[in-house]
file start_34.cif (mmCIF, C-alpha atoms)
data_my_file
#
loop_
_atom_site.group_PDB
_atom_site.id
_atom_site.type_symbol
_atom_site.label_atom_id
_atom_site.label_comp_id
_atom_site.auth_asym_id
_atom_site.auth_seq_id
_atom_site.Cartn_x
_atom_site.Cartn_y
_atom_site.Cartn_z
ATOM 1 C CA MET A 1 -75.400 122.674 -262.653
ATOM 2 C CA SER A 2 -77.242 125.379 -260.704
ATOM 3 C CA ALA A 3 -78.624 122.795 -258.254
ATOM 4 C CA THR A 4 -75.117 121.487 -257.654
ATOM 5 C CA VAL A 5 -73.850 124.995 -257.047
ATOM 6 C CA MET A 6 -76.652 125.789 -254.594
ATOM 7 C CA THR A 7 -76.079 122.562 -252.681
ATOM 8 C CA SER A 8 -72.359 123.134 -252.417
ATOM 9 C CA GLY A 9 -73.057 126.719 -251.364
ATOM 10 C CA ASN A 10 -75.224 125.549 -248.473
ATOM 11 C CA VAL A 11 -72.543 123.213 -247.091
ATOM 12 C CA PRO A 12 -70.648 125.903 -245.166
ATOM 13 C CA GLY A 13 -73.918 127.173 -243.647
ATOM 14 C CA ALA A 14 -74.997 123.664 -242.622
ATOM 15 C CA ALA A 15 -71.578 122.969 -241.125
ATOM 16 C CA LYS A 16 -71.734 126.234 -239.207
ATOM 17 C CA ASN A 17 -75.193 125.404 -237.859
ATOM 18 C CA HIS A 18 -74.031 121.929 -236.891
ATOM 19 C CA ALA A 19 -71.008 123.354 -235.084
ATOM 20 C CA ALA A 20 -73.216 125.858 -233.267
ATOM 21 C CA ALA A 21 -75.595 123.072 -232.227
ATOM 22 C CA GLU A 22 -72.698 120.996 -230.919
ATOM 23 C CA ALA A 23 -71.322 123.984 -228.977
ATOM 24 C CA LEU A 24 -74.765 124.622 -227.495
ATOM 25 C CA GLY A 25 -75.074 120.959 -226.547
ATOM 26 C CA ARG A 26 -71.655 120.989 -224.847
ATOM 27 C CA ARG A 27 -72.559 124.190 -222.976
ATOM 28 C CA ARG A 28 -75.858 122.714 -221.803
ATOM 29 C CA HIS A 29 -74.132 119.504 -220.751
ATOM 30 C CA ARG A 30 -71.505 121.486 -218.842
ATOM 31 C CA THR A 31 -74.146 123.636 -217.149
ATOM 32 C CA ASN A 32 -76.182 120.564 -216.251
ATOM 33 C CA ARG A 33 -73.092 118.946 -214.724
ATOM 34 C CA ILE A 34 -72.310 122.069 -212.657
ATOM 35 C CA VAL A 35 -75.874 122.317 -211.372
ATOM 36 C CA LYS A 36 -75.899 118.610 -210.560
ATOM 37 C CA VAL A 37 -72.652 118.930 -208.605
ATOM 38 C CA LEU A 38 -74.040 121.925 -206.694
ATOM 39 C CA CYS A 39 -77.256 120.048 -205.879
ATOM 40 C CA VAL A 40 -75.381 116.968 -204.702
ATOM 41 C CA THR A 41 -73.047 119.144 -202.613
ATOM 42 C CA ALA A 42 -75.967 120.980 -201.003
ATOM 43 C CA THR A 43 -77.685 117.666 -200.294
ATOM 44 C CA GLY A 44 -74.519 116.307 -198.735
ATOM 45 C CA LEU A 45 -74.111 119.381 -196.526
ATOM 46 C CA GLY A 46 -77.729 119.146 -195.408
ATOM 47 C CA LEU A 47 -77.317 115.478 -194.547
ATOM 48 C CA VAL A 48 -74.107 116.209 -192.652
ATOM 49 C CA PHE A 49 -75.802 118.900 -190.550
ATOM 50 C CA LEU A 50 -78.826 116.677 -189.929
ATOM 51 C CA ALA A 51 -76.666 113.691 -189.023
ATOM 52 C CA SER A 52 -74.555 115.816 -186.660
ATOM 53 C CA ILE A 53 -77.675 117.077 -184.867
ATOM 54 C CA LEU A 54 -79.116 113.587 -184.511
ATOM 55 C CA PHE A 55 -75.752 112.193 -183.426
ATOM 56 C CA THR A 56 -75.392 114.888 -180.755
ATOM 57 C CA LEU A 57 -78.921 114.245 -179.494
ATOM 58 C CA LEU A 58 -78.271 110.511 -179.310
ATOM 59 C CA ILE A 59 -74.942 110.878 -177.511
ATOM 60 C CA ARG A 60 -76.193 113.473 -175.015
ATOM 61 C CA GLY A 61 -79.751 112.202 -174.606
ATOM 62 C CA LEU A 62 -79.444 108.435 -174.430
ATOM 63 C CA GLY A 63 -77.181 108.679 -171.397
ATOM 64 C CA GLY A 64 -79.997 110.113 -169.293
ATOM 65 C CA LEU A 65 -82.847 108.051 -170.731
ATOM 66 C CA SER A 66 -84.364 105.818 -168.052
ATOM 67 C CA PRO A 67 -87.808 104.688 -166.814
ATOM 68 C CA THR A 68 -87.697 107.503 -164.249
ATOM 69 C CA VAL A 69 -88.013 110.029 -167.073
ATOM 70 C CA PHE A 70 -91.468 108.659 -167.947
ATOM 71 C CA THR A 71 -92.717 107.895 -164.429
ATOM 72 C CA THR A 72 -91.600 110.892 -162.344
ATOM 73 C CA SER A 73 -92.481 114.563 -162.593
ATOM 74 C CA THR A 74 -89.905 117.347 -162.538
ATOM 75 C CA LEU A 75 -88.226 117.675 -159.140
ATOM 76 C CA PRO A 76 -85.602 119.947 -157.548
ATOM 77 C CA PRO A 77 -81.977 119.402 -158.586
ATOM 78 C CA GLY A 78 -80.420 116.234 -157.255
ATOM 79 C CA SER A 79 -83.787 114.567 -156.570
ATOM 80 C CA HIS A 80 -83.649 112.225 -159.585
ATOM 81 C CA GLY A 81 -86.718 113.782 -161.180
ATOM 82 C CA GLY A 82 -88.215 112.980 -164.552
ATOM 83 C CA LEU A 83 -90.246 114.629 -167.290
ATOM 84 C CA LEU A 84 -93.650 113.005 -166.876
ATOM 85 C CA ASN A 85 -95.595 116.231 -166.311
ATOM 86 C CA ALA A 86 -93.762 117.952 -169.174
ATOM 87 C CA ILE A 87 -94.418 115.040 -171.551
ATOM 88 C CA VAL A 88 -98.127 114.917 -170.702
ATOM 89 C CA GLY A 89 -98.426 118.712 -170.907
ATOM 90 C CA SER A 90 -96.742 118.809 -174.323
ATOM 91 C CA LEU A 91 -98.950 116.022 -175.650
ATOM 92 C CA MET A 92 -102.119 117.716 -174.415
ATOM 93 C CA GLN A 93 -101.249 121.156 -175.759
ATOM 94 C CA THR A 94 -99.918 119.883 -179.093
ATOM 95 C CA VAL A 95 -102.897 117.599 -179.712
ATOM 96 C CA LEU A 96 -105.475 120.202 -178.699
ATOM 97 C CA GLY A 97 -103.714 122.983 -180.600
ATOM 98 C CA THR A 98 -103.586 120.834 -183.736
ATOM 99 C CA ALA A 99 -107.204 119.746 -183.265
ATOM 100 C CA ILE A 100 -108.310 123.388 -183.028
ATOM 101 C CA GLY A 101 -106.151 124.782 -185.819
ATOM 102 C CA THR A 102 -106.433 121.998 -188.421
ATOM 103 C CA PRO A 103 -110.189 122.246 -189.190
ATOM 104 C CA ILE A 104 -109.975 126.034 -189.397
ATOM 105 C CA GLY A 105 -106.957 125.899 -191.697
ATOM 106 C CA LEU A 106 -108.591 123.192 -193.821
ATOM 107 C CA MET A 107 -111.760 125.234 -194.292
ATOM 108 C CA VAL A 108 -109.887 128.453 -195.070
ATOM 109 C CA GLY A 109 -107.628 126.686 -197.564
ATOM 110 C CA THR A 110 -110.663 125.120 -199.234
ATOM 111 C CA TYR A 111 -112.372 128.511 -199.445
ATOM 112 C CA LEU A 112 -109.318 130.115 -201.055
ATOM 113 C CA SER A 113 -108.953 127.308 -203.593
ATOM 114 C CA GLU A 114 -112.563 126.538 -204.495
ATOM 115 C CA TYR A 115 -114.639 129.637 -203.784
ATOM 116 C CA ALA A 116 -112.447 132.753 -203.648
ATOM 117 C CA ALA A 117 -110.337 132.427 -206.799
ATOM 118 C CA GLY A 118 -109.639 135.924 -208.124
ATOM 119 C CA SER A 119 -111.749 137.708 -205.500
ATOM 120 C CA LYS A 120 -110.482 140.629 -203.435
ATOM 121 C CA LEU A 121 -111.587 138.968 -200.212
ATOM 122 C CA GLY A 122 -109.660 135.832 -201.130
ATOM 123 C CA ASP A 123 -106.540 137.867 -201.907
ATOM 124 C CA ALA A 124 -106.836 139.648 -198.563
ATOM 125 C CA VAL A 125 -107.285 136.394 -196.638
ATOM 126 C CA ARG A 126 -104.360 134.836 -198.487
ATOM 127 C CA PHE A 127 -102.156 137.849 -197.712
ATOM 128 C CA VAL A 128 -103.027 137.766 -194.002
ATOM 129 C CA SER A 129 -102.393 134.012 -193.907
ATOM 130 C CA ASP A 130 -98.988 134.407 -195.547
ATOM 131 C CA VAL A 131 -98.040 137.169 -193.113
ATOM 132 C CA LEU A 132 -99.121 135.003 -190.187
ATOM 133 C CA LEU A 133 -97.142 132.084 -191.625
ATOM 134 C CA SER A 134 -93.914 134.089 -191.524
ATOM 135 C CA ALA A 135 -94.598 135.908 -188.252
ATOM 136 C CA PRO A 136 -92.243 135.096 -185.346
ATOM 137 C CA SER A 137 -93.883 132.739 -182.876
ATOM 138 C CA ILE A 138 -93.111 135.085 -180.000
ATOM 139 C CA LEU A 139 -95.524 137.613 -181.523
ATOM 140 C CA VAL A 140 -98.222 134.945 -181.513
ATOM 141 C CA GLY A 141 -97.481 134.352 -177.846
ATOM 142 C CA LEU A 142 -97.748 138.058 -177.074
ATOM 143 C CA PHE A 143 -101.036 138.266 -178.976
ATOM 144 C CA VAL A 144 -102.602 135.378 -177.062
ATOM 145 C CA TYR A 145 -101.161 136.761 -173.822
ATOM 146 C CA ALA A 146 -102.948 140.062 -174.408
ATOM 147 C CA LEU A 147 -106.108 138.250 -175.487
ATOM 148 C CA LEU A 148 -106.464 135.417 -172.963
ATOM 149 C CA VAL A 149 -103.864 135.718 -170.195
ATOM 150 C CA ALA A 150 -103.766 139.360 -169.103
ATOM 151 C CA PRO A 151 -107.562 139.939 -169.107
ATOM 152 C CA PHE A 152 -108.200 136.803 -167.025
ATOM 153 C CA GLY A 153 -105.299 137.326 -164.645
ATOM 154 C CA GLY A 154 -103.440 134.062 -165.042
ATOM 155 C CA PHE A 155 -101.545 131.698 -167.299
ATOM 156 C CA SER A 156 -103.347 128.572 -168.476
ATOM 157 C CA GLY A 157 -103.006 125.490 -170.592
ATOM 158 C CA ILE A 158 -105.899 126.524 -172.832
ATOM 159 C CA ALA A 159 -104.062 129.752 -173.691
ATOM 160 C CA GLY A 160 -101.101 127.632 -174.756
ATOM 161 C CA CYS A 161 -103.375 125.486 -176.923
ATOM 162 C CA ILE A 162 -104.815 128.584 -178.614
ATOM 163 C CA ALA A 163 -101.325 129.954 -179.271
ATOM 164 C CA LEU A 164 -100.259 126.705 -180.910
ATOM 165 C CA ALA A 165 -103.498 126.608 -182.923
ATOM 166 C CA VAL A 166 -102.757 130.078 -184.309
ATOM 167 C CA ILE A 167 -99.400 128.766 -185.534
ATOM 168 C CA VAL A 168 -100.997 125.650 -187.054
ATOM 169 C CA ILE A 169 -103.667 127.514 -189.046
ATOM 170 C CA PRO A 170 -101.545 129.292 -191.721
ATOM 171 C CA ILE A 171 -99.459 126.173 -192.380
ATOM 172 C CA VAL A 172 -102.562 124.072 -193.033
ATOM 173 C CA VAL A 173 -104.151 126.901 -195.049
ATOM 174 C CA ARG A 174 -101.206 127.174 -197.418
ATOM 175 C CA THR A 175 -100.790 123.412 -197.844
ATOM 176 C CA THR A 176 -104.509 122.767 -198.385
ATOM 177 C CA GLU A 177 -104.848 125.527 -200.958
ATOM 178 C CA ASP A 178 -101.751 124.424 -202.881
ATOM 179 C CA MET A 179 -102.747 120.745 -202.911
ATOM 180 C CA LEU A 180 -106.301 121.475 -204.074
ATOM 181 C CA ARG A 181 -105.037 123.796 -206.814
ATOM 182 C CA LEU A 182 -102.826 121.019 -208.166
ATOM 183 C CA LEU A 183 -105.842 118.844 -208.933
ATOM 184 C CA PRO A 184 -106.816 118.881 -212.624
ATOM 185 C CA VAL A 185 -109.869 120.943 -213.577
ATOM 186 C CA ALA A 186 -111.207 117.996 -215.565
ATOM 187 C CA LEU A 187 -111.634 116.073 -212.329
ATOM 188 C CA ARG A 188 -113.938 118.763 -210.962
ATOM 189 C CA GLU A 189 -115.815 119.133 -214.249
ATOM 190 C CA ALA A 190 -116.463 115.399 -214.494
ATOM 191 C CA THR A 191 -117.898 115.345 -210.975
ATOM 192 C CA VAL A 192 -120.131 118.362 -211.567
ATOM 193 C CA ALA A 193 -121.267 116.884 -214.898
ATOM 194 C CA LEU A 194 -122.631 113.897 -212.989
ATOM 195 C CA GLY A 195 -124.910 116.256 -211.084
ATOM 196 C CA ALA A 196 -123.000 116.341 -207.788
ATOM 197 C CA PRO A 197 -123.146 119.613 -205.850
ATOM 198 C CA LYS A 198 -119.926 121.494 -205.294
ATOM 199 C CA TRP A 199 -119.612 120.576 -201.612
ATOM 200 C CA ARG A 200 -119.965 116.897 -202.510
ATOM 201 C CA MET A 201 -117.279 117.270 -205.169
ATOM 202 C CA ILE A 202 -114.900 118.804 -202.600
ATOM 203 C CA VAL A 203 -115.564 116.257 -199.870
ATOM 204 C CA SER A 204 -115.765 113.102 -201.982
ATOM 205 C CA ILE A 205 -113.318 113.847 -204.799
ATOM 206 C CA CYS A 206 -110.924 116.708 -203.992
ATOM 207 C CA TYR A 207 -110.086 115.831 -200.404
ATOM 208 C CA PRO A 208 -109.283 112.156 -201.088
ATOM 209 C CA ALA A 209 -107.201 113.104 -204.141
ATOM 210 C CA ALA A 210 -105.218 115.692 -202.159
ATOM 211 C CA LYS A 211 -105.086 113.634 -198.967
ATOM 212 C CA ASP A 212 -101.352 112.946 -198.976
ATOM 213 C CA GLY A 213 -100.399 116.589 -199.424
ATOM 214 C CA ILE A 214 -102.869 117.838 -196.817
ATOM 215 C CA VAL A 215 -101.665 115.278 -194.261
ATOM 216 C CA THR A 216 -98.088 116.324 -194.991
ATOM 217 C CA GLY A 217 -99.018 119.926 -194.182
ATOM 218 C CA ILE A 218 -100.638 118.853 -190.920
ATOM 219 C CA LEU A 219 -97.521 116.871 -189.996
ATOM 220 C CA LEU A 220 -95.358 119.916 -190.728
ATOM 221 C CA ALA A 221 -97.582 121.958 -188.436
ATOM 222 C CA VAL A 222 -97.302 119.333 -185.680
ATOM 223 C CA ALA A 223 -93.526 119.227 -186.075
ATOM 224 C CA ARG A 224 -93.333 122.994 -185.689
ATOM 225 C CA VAL A 225 -95.643 123.461 -182.705
ATOM 226 C CA ALA A 226 -94.193 120.447 -180.864
ATOM 227 C CA GLY A 227 -90.965 122.370 -180.347
ATOM 228 C CA GLU A 228 -92.287 125.894 -179.865
ATOM 229 C CA THR A 229 -91.128 127.555 -176.657
ATOM 230 C CA ALA A 230 -91.791 131.309 -176.926
ATOM 231 C CA PRO A 231 -95.610 131.132 -177.279
ATOM 232 C CA LEU A 232 -95.873 128.801 -174.282
ATOM 233 C CA LEU A 233 -93.727 131.064 -172.103
ATOM 234 C CA PHE A 234 -96.351 133.778 -172.556
ATOM 235 C CA THR A 235 -99.397 131.536 -172.238
ATOM 236 C CA SER A 236 -99.110 128.261 -170.313
ATOM 237 C CA LEU A 237 -95.841 129.412 -168.648
ATOM 238 C CA GLY A 238 -94.809 125.976 -167.349
ATOM 239 C CA ASN A 239 -95.370 124.091 -164.118
ATOM 240 C CA LEU A 240 -92.894 122.110 -162.027
ATOM 241 C CA ASN A 241 -95.769 120.233 -160.390
ATOM 242 C CA TRP A 242 -98.131 117.635 -161.826
ATOM 243 C CA SER A 243 -101.168 119.297 -163.415
ATOM 244 C CA VAL A 244 -103.499 118.350 -166.263
ATOM 245 C CA SER A 245 -105.926 121.227 -165.725
ATOM 246 C CA LEU A 246 -106.193 123.486 -168.769
ATOM 247 C CA ALA A 247 -107.262 126.343 -166.485
ATOM 248 C CA LYS A 248 -103.877 126.367 -164.703
ATOM 249 C CA PRO A 249 -100.259 126.795 -165.810
ATOM 250 C CA MET A 250 -99.135 123.631 -167.570
ATOM 251 C CA ALA A 251 -95.718 122.102 -168.077
ATOM 252 C CA SER A 252 -94.333 121.337 -171.523
ATOM 253 C CA LEU A 253 -91.157 119.815 -172.903
ATOM 254 C CA PRO A 254 -89.964 122.916 -174.827
ATOM 255 C CA VAL A 255 -90.323 125.186 -171.787
ATOM 256 C CA THR A 256 -88.697 122.600 -169.519
ATOM 257 C CA ILE A 257 -85.802 122.243 -171.959
ATOM 258 C CA TYR A 258 -85.424 126.035 -172.019
ATOM 259 C CA GLN A 259 -85.361 126.198 -168.213
ATOM 260 C CA TYR A 260 -83.088 123.198 -167.694
ATOM 261 C CA ALA A 261 -80.581 123.758 -170.510
ATOM 262 C CA GLY A 262 -79.213 126.933 -168.927
ATOM 263 C CA SER A 263 -79.128 125.467 -165.447
ATOM 264 C CA ALA A 264 -75.956 125.010 -163.416
ATOM 265 C CA PHE A 265 -77.074 121.534 -162.312
ATOM 266 C CA GLU A 266 -75.835 118.596 -164.356
ATOM 267 C CA ASP A 267 -78.938 116.434 -163.821
ATOM 268 C CA TRP A 268 -81.189 119.203 -165.153
ATOM 269 C CA VAL A 269 -78.956 119.736 -168.183
ATOM 270 C CA GLN A 270 -79.083 115.987 -168.815
ATOM 271 C CA LEU A 271 -82.886 116.051 -168.638
ATOM 272 C CA ALA A 272 -82.888 118.918 -171.140
ATOM 273 C CA TRP A 273 -81.014 116.728 -173.637
ATOM 274 C CA VAL A 274 -83.400 113.854 -172.944
ATOM 275 C CA GLY A 275 -86.382 116.160 -173.582
ATOM 276 C CA ALA A 276 -84.895 117.317 -176.887
ATOM 277 C CA LEU A 277 -84.356 113.681 -177.881
ATOM 278 C CA LEU A 278 -87.959 112.805 -177.002
ATOM 279 C CA ILE A 279 -89.381 115.674 -179.065
ATOM 280 C CA THR A 280 -87.227 114.822 -182.088
ATOM 281 C CA PHE A 281 -88.006 111.133 -182.157
ATOM 282 C CA GLY A 282 -91.640 111.726 -181.189
ATOM 283 C CA VAL A 283 -92.142 113.883 -184.297
ATOM 284 C CA LEU A 284 -90.216 111.331 -186.376
ATOM 285 C CA ALA A 285 -92.435 108.510 -185.096
ATOM 286 C CA ILE A 286 -95.596 110.481 -185.911
ATOM 287 C CA ASN A 287 -94.376 111.062 -189.477
ATOM 288 C CA ILE A 288 -93.473 107.404 -189.991
ATOM 289 C CA VAL A 289 -96.802 106.149 -188.633
ATOM 290 C CA ALA A 290 -98.760 108.643 -190.736
ATOM 291 C CA ARG A 291 -96.896 107.645 -193.899
ATOM 292 C CA PHE A 292 -97.436 103.975 -193.151
ATOM 293 C CA VAL A 293 -101.174 104.491 -192.591
ATOM 294 C CA LEU A 294 -101.543 106.529 -195.791
ATOM 295 C CA ARG A 295 -99.737 103.956 -197.899
ATOM 296 C CA GLY A 296 -101.702 101.140 -196.314
ATOM 297 C CA GLY A 297 -104.947 102.807 -197.297
ATOM 298 C CA LYS A 298 -104.089 102.750 -201.011
#
call {"tool": "encode", "arguments": {"input": "start_34.cif", "output": "structure tokens"}}
result
Amino acid sequence: MSATVMTSGNVPGAAKNHAAAEALGRRRHRTNRIVKVLCVTATGLGLVFLASILFTLLIRGLGGLSPTVFTTSTLPPGSHGGLLNAIVGSLMQTVLGTAIGTPIGLMVGTYLSEYAAGSKLGDAVRFVSDVLLSAPSILVGLFVYALLVAPFGGFSGIAGCIALAVIVIPIVVRTTEDMLRLLPVALREATVALGAPKWRMIVSICYPAAKDGIVTGILLAVARVAGETAPLLFTSLGNLNWSVSLAKPMASLPVTIYQYAGSAFEDWVQLAWVGALLITFGVLAINIVARFVLRGGK
């Protein structure tokens, strides 16, 4: 009798708990649906903005795309000039800037992840790197101008390369550190247990395991510096004539776009749109090729 009474007495409590669980489930389902709708909406807006930018570049840029763009240097208005010197200058400065900044960023990121965990020096280096990562690029240009341009009395391509390298470094540092930290500790312990020194563990195990993420960081750095204008205005300045000397002012696509876009001459404005199209699809092509190579190596 008492057992029957206790069971019947627990029924209201069980029903109340069940109702509360159902209400909580409905609330979670409703919240999940709202968040999903917001995420899909944000994704749609991002795609719309991206598509509109690409569509505008295609419409404005394709009209002026011709072999002359790739075979002729910049010329005065109305002379049917091209962008050959700007294209070559951008390639040289971007490649050299990335080649200078990537090894430094890779080493610093490795130090922060593998050797400086919890140390005051590591925290200080990480703080400086984060500040540099968020610093406006024009400040980098001013810094390199005061360091390499003003003391030597002239603008130069090498100063532009150094400015771009300074921008590359913090991006690679942050990506390298984050990717190496994501690797499981057991992977490192197993390598050390086999008697391998720490440097061998990093080079032979950690780097290959984090390769995709590190390459992604490098590609992000390339995408950023390929379109930087402000640092180059203070360092390599630009050059309307053909020049591949790093000791002299050097042309670049971003600076040429900046100069031509505000021009009153229609052919220069058209070349500015063509230059923007070349930068956009050049970065896109680099990303596609890099992804293809990485996937092919697996």
call {"tool": "resolve_selection", "arguments": {"input": "start_34.cif", "expression": "the PyMOL selection byres ((chain A and resi 232) around 10)", "output": "MDAnalysis selection string"}}
result
chainID A and resid 93 137:138 140:142 144:145 155:157 159:164 225 228:231 233:238 249:252 254:255
call {"tool": "atom_distance", "arguments": {"input": "start_34.cif", "atom1": "atom CA of A:Ser119", "atom2": "atom CA of A:Thr175"}}
result
19.6 Å
call {"tool": "closest_residue", "arguments": {"input": "start_34.cif", "among": "A:Ser73, A:Ala165, A:Ser66, A:Ala116", "to": "A:Pro103", "atoms": "all atoms listed in the file"}}
result
A:Ala165
call {"tool": "atom_distance", "arguments": {"input": "start_34.cif", "atom1": "atom CA of A:Val131", "atom2": "atom CA of A:Thr98"}}
result
19.6 Å
call {"tool": "resolve_selection", "arguments": {"input": "start_34.cif", "expression": "the PyMOL selection byres ((chain A and resi 83) around 6)", "output": "mmCIF file with C-alpha atoms, in the coordinates of the input"}}
result
data_model
loop_
_atom_site.group_PDB
_atom_site.id
_atom_site.type_symbol
_atom_site.label_atom_id
_atom_site.label_comp_id
_atom_site.auth_asym_id
_atom_site.auth_seq_id
_atom_site.Cartn_x
_atom_site.Cartn_y
_atom_site.Cartn_z
ATOM 1 C CA VAL A 69 -88.013 110.029 -167.073
ATOM 2 C CA SER A 73 -92.481 114.563 -162.593
ATOM 3 C CA THR A 74 -89.905 117.347 -162.538
ATOM 4 C CA GLY A 82 -88.215 112.980 -164.552
ATOM 5 C CA LEU A 84 -93.650 113.005 -166.876
ATOM 6 C CA ASN A 85 -95.595 116.231 -166.311
ATOM 7 C CA ALA A 86 -93.762 117.952 -169.174
ATOM 8 C CA ILE A 87 -94.418 115.040 -171.551
#
call {"tool": "closest_atom_pairs", "arguments": {"input": "start_34.cif", "of": "stretch 88-123 of chain A", "to": "stretch 208-215 of chain A", "cutoff": "12 Å", "atoms": "all atoms listed in the file", "output": "CSV"}}
result
residue,atom,partner,partner_atom,distance
A:Thr102,CA,A:Ile214,CA,10.0
A:Pro103,CA,A:Ile214,CA,11.5
A:Gly105,CA,A:Ile214,CA,10.4
A:Leu106,CA,A:Ile214,CA,8.4
A:Met107,CA,A:Ile214,CA,11.8
A:Gly109,CA,A:Ile214,CA,10.1
A:Thr110,CA,A:Ile214,CA,10.9
call {"tool": "residues_around", "arguments": {"input": "start_34.cif", "residues": "stretch 43-56 of chain A", "least_positions_apart": "4", "cutoff": "10 Å", "atoms": "all atoms listed in the file", "output": "ChimeraX atom specification"}}
result
/A:37-39,60-62,273,277,280-281
call {"tool": "atom_distance", "arguments": {"input": "start_34.cif", "atom1": "atom CA of A:Gly89", "atom2": "atom CA of A:Thr72"}}
result
13.5 Å
call {"tool": "resolve_selection", "arguments": {"input": "start_34.cif", "expression": "the PyMOL selection byres ((chain A and resi 272) around 10)", "output": "PyMOL selection string"}}
result
chain A and resi 60-61+64+83+253-263+266-271+273-278
